[in-house]
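Dropping data-v6.csv in here (CSV, C-alpha atoms):
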chain,number,residue,atom,x,y,z
A,1419,MET,CA,106.6,134.8,-16.8
A,1420,ILE,CA,105.8,137.5,-14.3
A,1421,ARG,CA,107.6,137.5,-10.8
A,1422,GLY,CA,106.4,139.8,-8.0
A,1423,PHE,CA,107.1,140.4,-4.3
A,1424,ALA,CA,104.4,141.6,-2.0
A,1425,ILE,CA,105.7,144.1,0.6
A,1426,MET,CA,102.4,145.4,2.0
A,1427,GLY,CA,99.1,144.0,0.6
A,1428,GLY,CA,98.6,141.7,-2.4
A,1429,ILE,CA,99.5,141.8,-6.0
A,1430,GLN,CA,96.9,142.3,-8.7
A,1431,VAL,CA,97.7,141.3,-12.3
A,1432,LYS,CA,95.6,142.6,-15.3
A,1433,SER,CA,96.1,141.4,-18.8
A,1434,ARG,CA,96.3,143.9,-21.8
A,1435,PRO,CA,93.2,143.7,-24.0
A,1436,ILE,CA,93.9,141.9,-27.3
A,1437,ARG,CA,93.0,143.7,-30.5
A,1438,SER,CA,90.8,142.0,-33.1
A,1439,ALA,CA,92.9,140.7,-36.0
A,1440,GLY,CA,90.3,142.0,-38.4
A,1441,ARG,CA,90.4,145.6,-37.4
A,1442,ALA,CA,93.1,148.1,-38.1
A,1443,PRO,CA,93.9,150.6,-35.4
A,1444,SER,CA,92.2,153.9,-36.0
A,1445,LEU,CA,94.5,156.9,-36.6
A,1446,PRO,CA,93.6,160.3,-35.4
A,1447,PRO,CA,93.0,162.8,-38.2
A,1448,GLY,CA,95.6,165.2,-39.3
A,1449,ILE,CA,98.8,163.4,-38.2
A,1450,PRO,CA,101.7,165.2,-39.9
A,1451,GLY,CA,103.5,163.1,-42.4
A,1452,LEU,CA,100.7,160.7,-43.1
A,1453,PRO,CA,98.6,160.8,-46.3
A,1454,ALA,CA,94.9,161.8,-45.9
A,1455,PRO,CA,92.4,158.9,-46.1
A,1456,PRO,CA,90.7,158.6,-49.5
A,1457,ASP,CA,87.5,160.5,-50.0
A,1458,MET,CA,84.9,157.7,-50.6
A,1459,ALA,CA,82.4,160.1,-52.1
A,1460,VAL,CA,84.9,161.3,-54.7
A,1461,LEU,CA,85.9,157.7,-55.5
A,1462,GLY,CA,82.2,156.7,-56.0
A,1463,ARG,CA,81.5,159.7,-58.2
A,1464,ASP,CA,84.5,158.9,-60.4
A,1465,LEU,CA,83.5,155.2,-60.7
A,1466,ARG,CA,79.9,156.2,-61.7
A,1467,ARG,CA,81.2,158.6,-64.4
A,1468,GLU,CA,83.5,155.8,-65.8
A,1469,LEU,CA,80.6,153.4,-65.9
A,1470,ARG,CA,78.4,156.0,-67.7
A,1471,GLU,CA,81.1,156.5,-70.3
A,1472,GLN,CA,81.4,152.8,-70.9
A,1473,HIS,CA,77.6,152.5,-71.2
A,1474,ARG,CA,77.5,155.4,-73.7
A,1475,ALA,CA,80.2,153.8,-75.9
A,1476,GLU,CA,78.4,150.4,-75.8
A,1477,ARG,CA,75.1,152.1,-76.8
A,1478,HIS,CA,76.8,154.0,-79.6
A,1479,ARG,CA,78.2,150.7,-81.0
A,1480,HIS,CA,74.8,149.0,-80.7
A,1481,HIS,CA,72.9,151.9,-82.5
A,1482,HIS,CA,75.5,151.8,-85.3
A,1483,GLY,CA,75.2,148.1,-85.8
A,1484,GLY,CA,78.9,147.5,-85.2
A,1485,LEU,CA,80.0,150.2,-87.7
A,1486,PRO,CA,83.1,152.1,-86.7
A,1487,ASP,CA,82.9,155.7,-85.5
A,1488,PRO,CA,83.4,158.3,-88.3
A,1489,GLY,CA,86.7,159.1,-86.7
A,1490,PRO,CA,88.9,162.1,-87.7
A,1491,ALA,CA,87.2,162.3,-91.2
A,1492,ALA,CA,84.0,163.5,-89.6
A,1493,GLU,CA,83.6,167.2,-88.9
A,1494,ALA,CA,83.4,168.2,-85.3
A,1495,GLN,CA,79.9,169.2,-84.3
A,1496,PRO,CA,79.6,172.6,-82.6
A,1497,ALA,CA,78.2,172.8,-79.1
A,1498,ASP,CA,75.9,175.8,-79.8
A,1499,GLY,CA,76.0,177.5,-83.2
A,1500,THR,CA,75.5,176.9,-86.9
A,1501,VAL,CA,74.7,173.3,-87.8
A,1502,THR,CA,73.1,171.5,-90.8
A,1503,ILE,CA,70.3,169.1,-89.8
A,1504,LEU,CA,69.1,166.3,-92.1
A,1505,PHE,CA,65.9,164.4,-91.5
A,1506,CYS,CA,65.2,161.1,-93.4
A,1507,ASP,CA,62.0,159.1,-93.1
A,1508,MET,CA,60.7,156.0,-94.8
A,1509,VAL,CA,57.6,156.4,-97.0
A,1510,ASP,CA,54.6,154.5,-95.8
A,1511,TYR,CA,56.3,152.4,-93.2
A,1512,ALA,CA,53.0,152.0,-91.3
A,1513,GLY,CA,51.3,150.6,-94.4
A,1514,MET,CA,54.3,148.3,-95.1
A,1515,THR,CA,53.9,146.9,-91.6
A,1516,GLU,CA,50.3,146.2,-92.2
A,1517,ARG,CA,50.9,144.6,-95.6
A,1518,LEU,CA,54.0,142.5,-94.7
A,1519,GLY,CA,53.5,141.8,-91.0
A,1520,ASP,CA,55.8,142.7,-88.1
A,1521,GLN,CA,58.7,140.4,-88.8
A,1522,ALA,CA,59.1,141.1,-92.5
A,1523,SER,CA,58.6,144.9,-92.1
A,1524,HIS,CA,61.2,144.9,-89.3
A,1525,ARG,CA,63.6,143.1,-91.6
A,1526,VAL,CA,63.1,145.9,-94.2
A,1527,LEU,CA,63.6,148.5,-91.4
A,1528,ARG,CA,66.9,147.0,-90.5
A,1529,GLU,CA,68.1,147.3,-94.1
A,1530,HIS,CA,66.9,150.9,-94.1
A,1531,HIS,CA,68.9,151.7,-90.9
A,1532,ARG,CA,72.0,150.0,-92.4
A,1533,ILE,CA,71.9,152.0,-95.6
A,1534,VAL,CA,71.4,155.3,-93.8
A,1535,ARG,CA,74.2,154.7,-91.3
A,1536,GLU,CA,76.6,153.7,-93.9
A,1537,ALA,CA,75.9,156.9,-95.8
A,1538,LEU,CA,76.2,159.2,-92.8
A,1539,THR,CA,79.5,157.5,-91.8
A,1540,ARG,CA,81.0,158.0,-95.3
A,1541,ASN,CA,80.0,161.7,-95.2
A,1542,GLY,CA,81.0,162.6,-91.7
A,1543,GLY,CA,77.6,163.0,-90.2
A,1544,ARG,CA,76.6,162.3,-86.6
A,1545,GLU,CA,73.5,160.3,-85.8
A,1546,ILE,CA,71.5,162.4,-83.3
A,1547,LYS,CA,68.5,160.2,-82.9
A,1548,VAL,CA,66.5,157.5,-84.6
A,1549,GLN,CA,62.8,157.1,-83.9
A,1550,GLY,CA,61.2,154.1,-85.6
A,1551,ASP,CA,61.8,154.7,-89.3
A,1552,GLY,CA,63.2,158.3,-89.0
A,1553,PHE,CA,66.7,159.6,-88.6
A,1554,MET,CA,68.0,163.0,-87.4
A,1555,ILE,CA,71.6,163.6,-88.5
A,1556,ALA,CA,73.8,166.6,-87.8
A,1557,PHE,CA,76.7,167.9,-90.0
A,1558,GLY,CA,79.3,170.6,-89.4
A,1559,GLY,CA,79.0,171.7,-93.1
A,1560,ALA,CA,76.1,172.0,-95.6
A,1561,ALA,CA,78.0,170.2,-98.4
A,1562,ARG,CA,78.5,167.1,-96.4
A,1563,ALA,CA,74.8,167.0,-95.6
A,1564,LEU,CA,73.8,167.2,-99.3
A,1565,ARG,CA,76.3,164.6,-100.3
A,1566,CYS,CA,74.9,162.3,-97.6
A,1567,ALA,CA,71.3,162.9,-98.8
A,1568,ILE,CA,72.3,162.0,-102.4
A,1569,ASP,CA,74.1,158.9,-101.2
A,1570,ILE,CA,71.0,157.8,-99.3
A,1571,GLN,CA,68.6,158.3,-102.3
A,1572,ARG,CA,71.0,156.6,-104.8
A,1573,ALA,CA,71.4,153.6,-102.4
A,1574,PHE,CA,67.7,153.1,-102.0
A,1575,ALA,CA,67.2,153.5,-105.7
A,1576,THR,CA,69.4,150.5,-106.4
A,1577,PHE,CA,68.4,148.5,-103.3
A,1578,VAL,CA,67.1,145.0,-104.2
A,1579,PRO,CA,64.6,143.8,-101.6
A,1580,GLY,CA,64.6,140.3,-100.4
A,1581,GLU,CA,62.0,137.8,-101.5
A,1582,GLY,CA,58.6,138.9,-100.2
A,1583,ASP,CA,59.9,142.3,-99.1
A,1584,GLU,CA,59.1,145.7,-100.6
A,1585,PRO,CA,61.4,148.4,-102.1
A,1586,ILE,CA,62.3,151.3,-99.7
A,1587,ALA,CA,61.6,154.9,-100.5
A,1588,VAL,CA,62.6,157.8,-98.3
A,1589,HIS,CA,61.9,161.6,-98.2
A,1590,VAL,CA,64.6,163.9,-96.9
A,1591,GLY,CA,64.6,167.5,-95.5
A,1592,ILE,CA,67.7,169.6,-94.9
A,1593,HIS,CA,68.1,173.0,-93.2
A,1594,THR,CA,71.0,175.0,-91.8
A,1595,GLY,CA,71.0,177.5,-89.0
A,1596,ASP,CA,71.7,178.0,-85.3
A,1597,ALA,CA,70.8,175.3,-82.9
A,1598,VAL,CA,71.0,174.7,-79.2
A,1599,ALA,CA,72.9,171.6,-78.0
A,1600,GLU,CA,71.1,169.7,-75.2
A,1601,GLY,CA,73.3,166.8,-74.2
A,1602,ASP,CA,73.5,164.6,-77.4
A,1603,ASP,CA,70.6,166.3,-79.0
A,1604,TYR,CA,69.9,169.6,-80.8
A,1605,LEU,CA,66.9,171.8,-80.2
A,1606,GLY,CA,65.4,174.9,-81.8
A,1607,HIS,CA,63.9,176.4,-84.9
A,1608,THR,CA,66.5,174.9,-87.2
A,1609,VAL,CA,65.7,171.4,-86.2
A,1610,ILE,CA,61.9,172.0,-86.6
A,1611,VAL,CA,62.3,173.4,-90.1
A,1612,ALA,CA,64.4,170.5,-91.3
A,1613,SER,CA,61.9,168.0,-89.9
A,1614,ARG,CA,59.0,169.8,-91.5
A,1615,LEU,CA,60.8,170.0,-94.9
A,1616,ALA,CA,61.2,166.2,-94.7
A,1617,ASP,CA,57.5,165.9,-94.1
A,1618,ALA,CA,56.8,168.0,-97.1
A,1619,ALA,CA,59.1,166.1,-99.4
A,1620,GLY,CA,57.7,163.4,-101.7
A,1621,PRO,CA,59.0,159.9,-102.1
A,1622,GLY,CA,62.6,160.0,-103.3
A,1623,GLU,CA,62.8,163.7,-102.9
A,1624,ILE,CA,65.4,165.9,-101.1
A,1625,VAL,CA,63.9,169.3,-100.1
A,1626,VAL,CA,66.6,171.8,-99.1
A,1627,SER,CA,66.0,175.2,-97.5
A,1628,SER,CA,67.1,178.2,-99.6
A,1629,LEU,CA,69.7,179.1,-97.0
A,1630,THR,CA,71.4,175.7,-97.3
A,1631,GLU,CA,71.2,176.0,-101.1
A,1632,GLN,CA,72.9,179.4,-100.9
A,1633,LEU,CA,75.8,178.1,-98.8
A,1634,VAL,CA,76.8,175.6,-101.5
A,1635,GLN,CA,76.0,177.6,-104.7
A,1636,GLY,CA,79.6,178.7,-105.2
A,1637,SER,CA,80.9,175.1,-105.4
A,1638,GLY,CA,79.1,174.1,-108.5
A,1639,GLU,CA,78.8,170.6,-107.1
A,1640,PHE,CA,75.0,170.5,-106.7
A,1641,ALA,CA,72.0,171.1,-108.9
A,1642,PHE,CA,68.6,172.4,-107.7
A,1643,ASP,CA,65.2,172.7,-109.3
A,1644,GLY,CA,61.6,173.1,-108.2
A,1645,HIS,CA,62.2,176.3,-106.3
A,1646,ARG,CA,59.1,177.2,-104.2
A,1647,GLU,CA,57.6,178.5,-101.0
A,1648,THR,CA,56.9,175.4,-99.0
A,1649,VAL,CA,54.2,175.6,-96.4
A,1650,LEU,CA,55.4,173.9,-93.2
A,1651,LYS,CA,53.0,172.3,-90.7
A,1652,GLY,CA,52.6,174.4,-87.6
A,1653,MET,CA,54.6,177.4,-89.0
A,1654,ALA,CA,53.2,180.7,-89.9
A,1655,ARG,CA,55.4,181.6,-92.8
A,1656,PRO,CA,56.3,179.4,-95.8
A,1657,GLN,CA,59.9,178.3,-96.2
A,1658,PRO,CA,61.8,179.2,-99.4
A,1659,SER,CA,63.1,175.8,-100.6
A,1660,ALA,CA,64.2,173.8,-103.6
A,1661,THR,CA,64.6,170.1,-104.6
A,1662,LEU,CA,68.2,168.8,-104.7
A,1663,SER,CA,68.8,166.8,-107.9
A,1664,TRP,CA,70.5,163.4,-107.2
A,1665,ALA,CA,69.8,161.1,-110.2
A,1666,GLU,CA,73.1,160.3,-112.0
Transcribe the structure of this file into structure tokens.
Amino acid sequence: MIRGFAIMGGIQVKSRPIRSAGRAPSLPPGIPGLPAPPDMAVLGRDLRRELREQHRAERHRHHHGGLPDPGPAAEAQPADGTVTILFCDMVDYAGMTERLGDQASHRVLREHHRIVREALTRNGGREIKVQGDGFMIAFGGAARALRCAIDIQRAFATFVPGEGDEPIAVHVGIHTGDAVAEGDDYLGHTVIVASRLADAAGPGEIVVSSLTEQLVQGSGEFAFDGHRETVLKGMARPQPSATLSWAE
């Protein structure tokens, strides 16, 4: 209740404006003692980074068919520097697709992927990429790469195809050298040589560059034969190489 007495003239009453219940009063910036308002741009950037990391983890699990990560047993891959690259490709997958049809050949391809991924996990390799029937795998040491290649060939040698399917044969190429890391990929001469060695390998063969062979010679663990100068597609000079023996 408001009571007023007019001495000279009238009395004018004005009500105070009512603030909307849904709006908080704005504070002038820089008031001492109050925390600064959050930076929405920074919050958005952090959220996007977290979502990218979750997506990358989901994609990794999907590519590996639910297999666990290699974990601490796997050697850490260098960012830039010496790395051993292994390429593995199926023999005549295009012809198999024509002979068996899409569904049956894809079933065989899934078995191929499973066997290769189990071998690389056991030997501490890192799957860099898979394109159709071909794998690119990186290792921090040459011996691990050779053990993985032997595991792969022995697994396919004992693989029993399903009814109506065909046996799987692969050819493998391995080279060691400096490579440039580009995100989750590797680029450079080392990668190209390993890929071309796989192309030059026959069914069931593991072709290893002479440099990779020299790195493991002192261990006495591996045996090589078929030393030769391998002509690589698109390269001017032949690559000294040898065949890694894997039959038990």
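For the choices A:Glu1623, A:Glu1536, A:Asp1520, A:Asp1596, the atom-to-atom distance to Val1501 of chain A is smallest for A:Asp1596 when using only C-alpha atoms.
If only C-alpha atoms are the atoms counted, then among A:Thr1515, A:Thr1648, A:Ser1613, A:Thr1594 the closest residue to Leu1629 of chain A is A:Thr1594.
Atom pair atom CA of Gly1622 of chain A / atom CA of Ala1599 of chain A has a distance of 29.7 Å (rounded to one decimal).
Proximity ranking of A:Asp1583, A:Glu1647, A:Glu1631, A:Asp1603 relative to Lys1547 of chain A places A:Asp1603 first, based on only C-alpha atoms.
Shortest separation to Tyr1511 of chain A among A:Asp1551, A:Glu1584, A:Asp1643, A:Glu1529 occurs at residue A:Asp1551, atoms counted being all atoms listed in the file.
Relative to atom CA of Phe1574 of chain A, atom CA of Leu1518 of chain A is found at 18.8 Å.
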Env of segment 1650-1655 of chain A: 8 Å cut, atoms = all atoms listed in the file, seq-sep filter 6 positions within chain, self excluded. Answer as a PDB file with C-alpha atoms, in the coordinates of the input.
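Saved the output as out.pdb:
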ATOM      1  CA  VAL A1611      62.300 173.400 -90.100  1.00  0.00           C
ATOM      2  CA  ARG A1614      59.000 169.800 -91.500  1.00  0.00           C
ATOM      3  CA  LEU A1615      60.800 170.000 -94.900  1.00  0.00           C
ATOM      4  CA  ALA A1618      56.800 168.000 -97.100  1.00  0.00           C
TER       5      ALA A1618
END
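Among the candidates A:Gly1513, A:Gly1519, A:Pro1658, A:Gly1620, the one nearest to Val1588 of chain A when counting only C-alpha atoms is A:Gly1620.
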Smallest atom-to-atom distance to Ala1567 of chain A: which of A:Leu1662, A:Ala1641, A:Ala1619, A:Val1598, using only C-alpha atoms? A:Leu1662
So that I can see what lies close to Ala1561 of chain A, please list as JSON, numbers by chain the residues with an atom at most 12 Å from it, counting only C-alpha atoms and leaving out residues fewer than 5 positions away in the same chain. {"A": [1493, 1501, 1502, 1503, 1504, 1541, 1542, 1543, 1556, 1566, 1567, 1568, 1592, 1593, 1594, 1626, 1630, 1631, 1632, 1633, 1634, 1635, 1636, 1637, 1638, 1639, 1640, 1662]}
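Between atom CA of Gly1601 of chain A and atom CA of Ile1546 of chain A lies a distance of 10.3 Å.
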Determine, counting all atoms listed in the file, which protein, DNA and RNA residues have an atom within 6 Å of an atom of Val1590 of chain A; residues of the same chain fewer than 3 positions away are not included. Present the result as a list in words. Phe1505, Cys1506, Ala1616 and Ile1624 of chain A
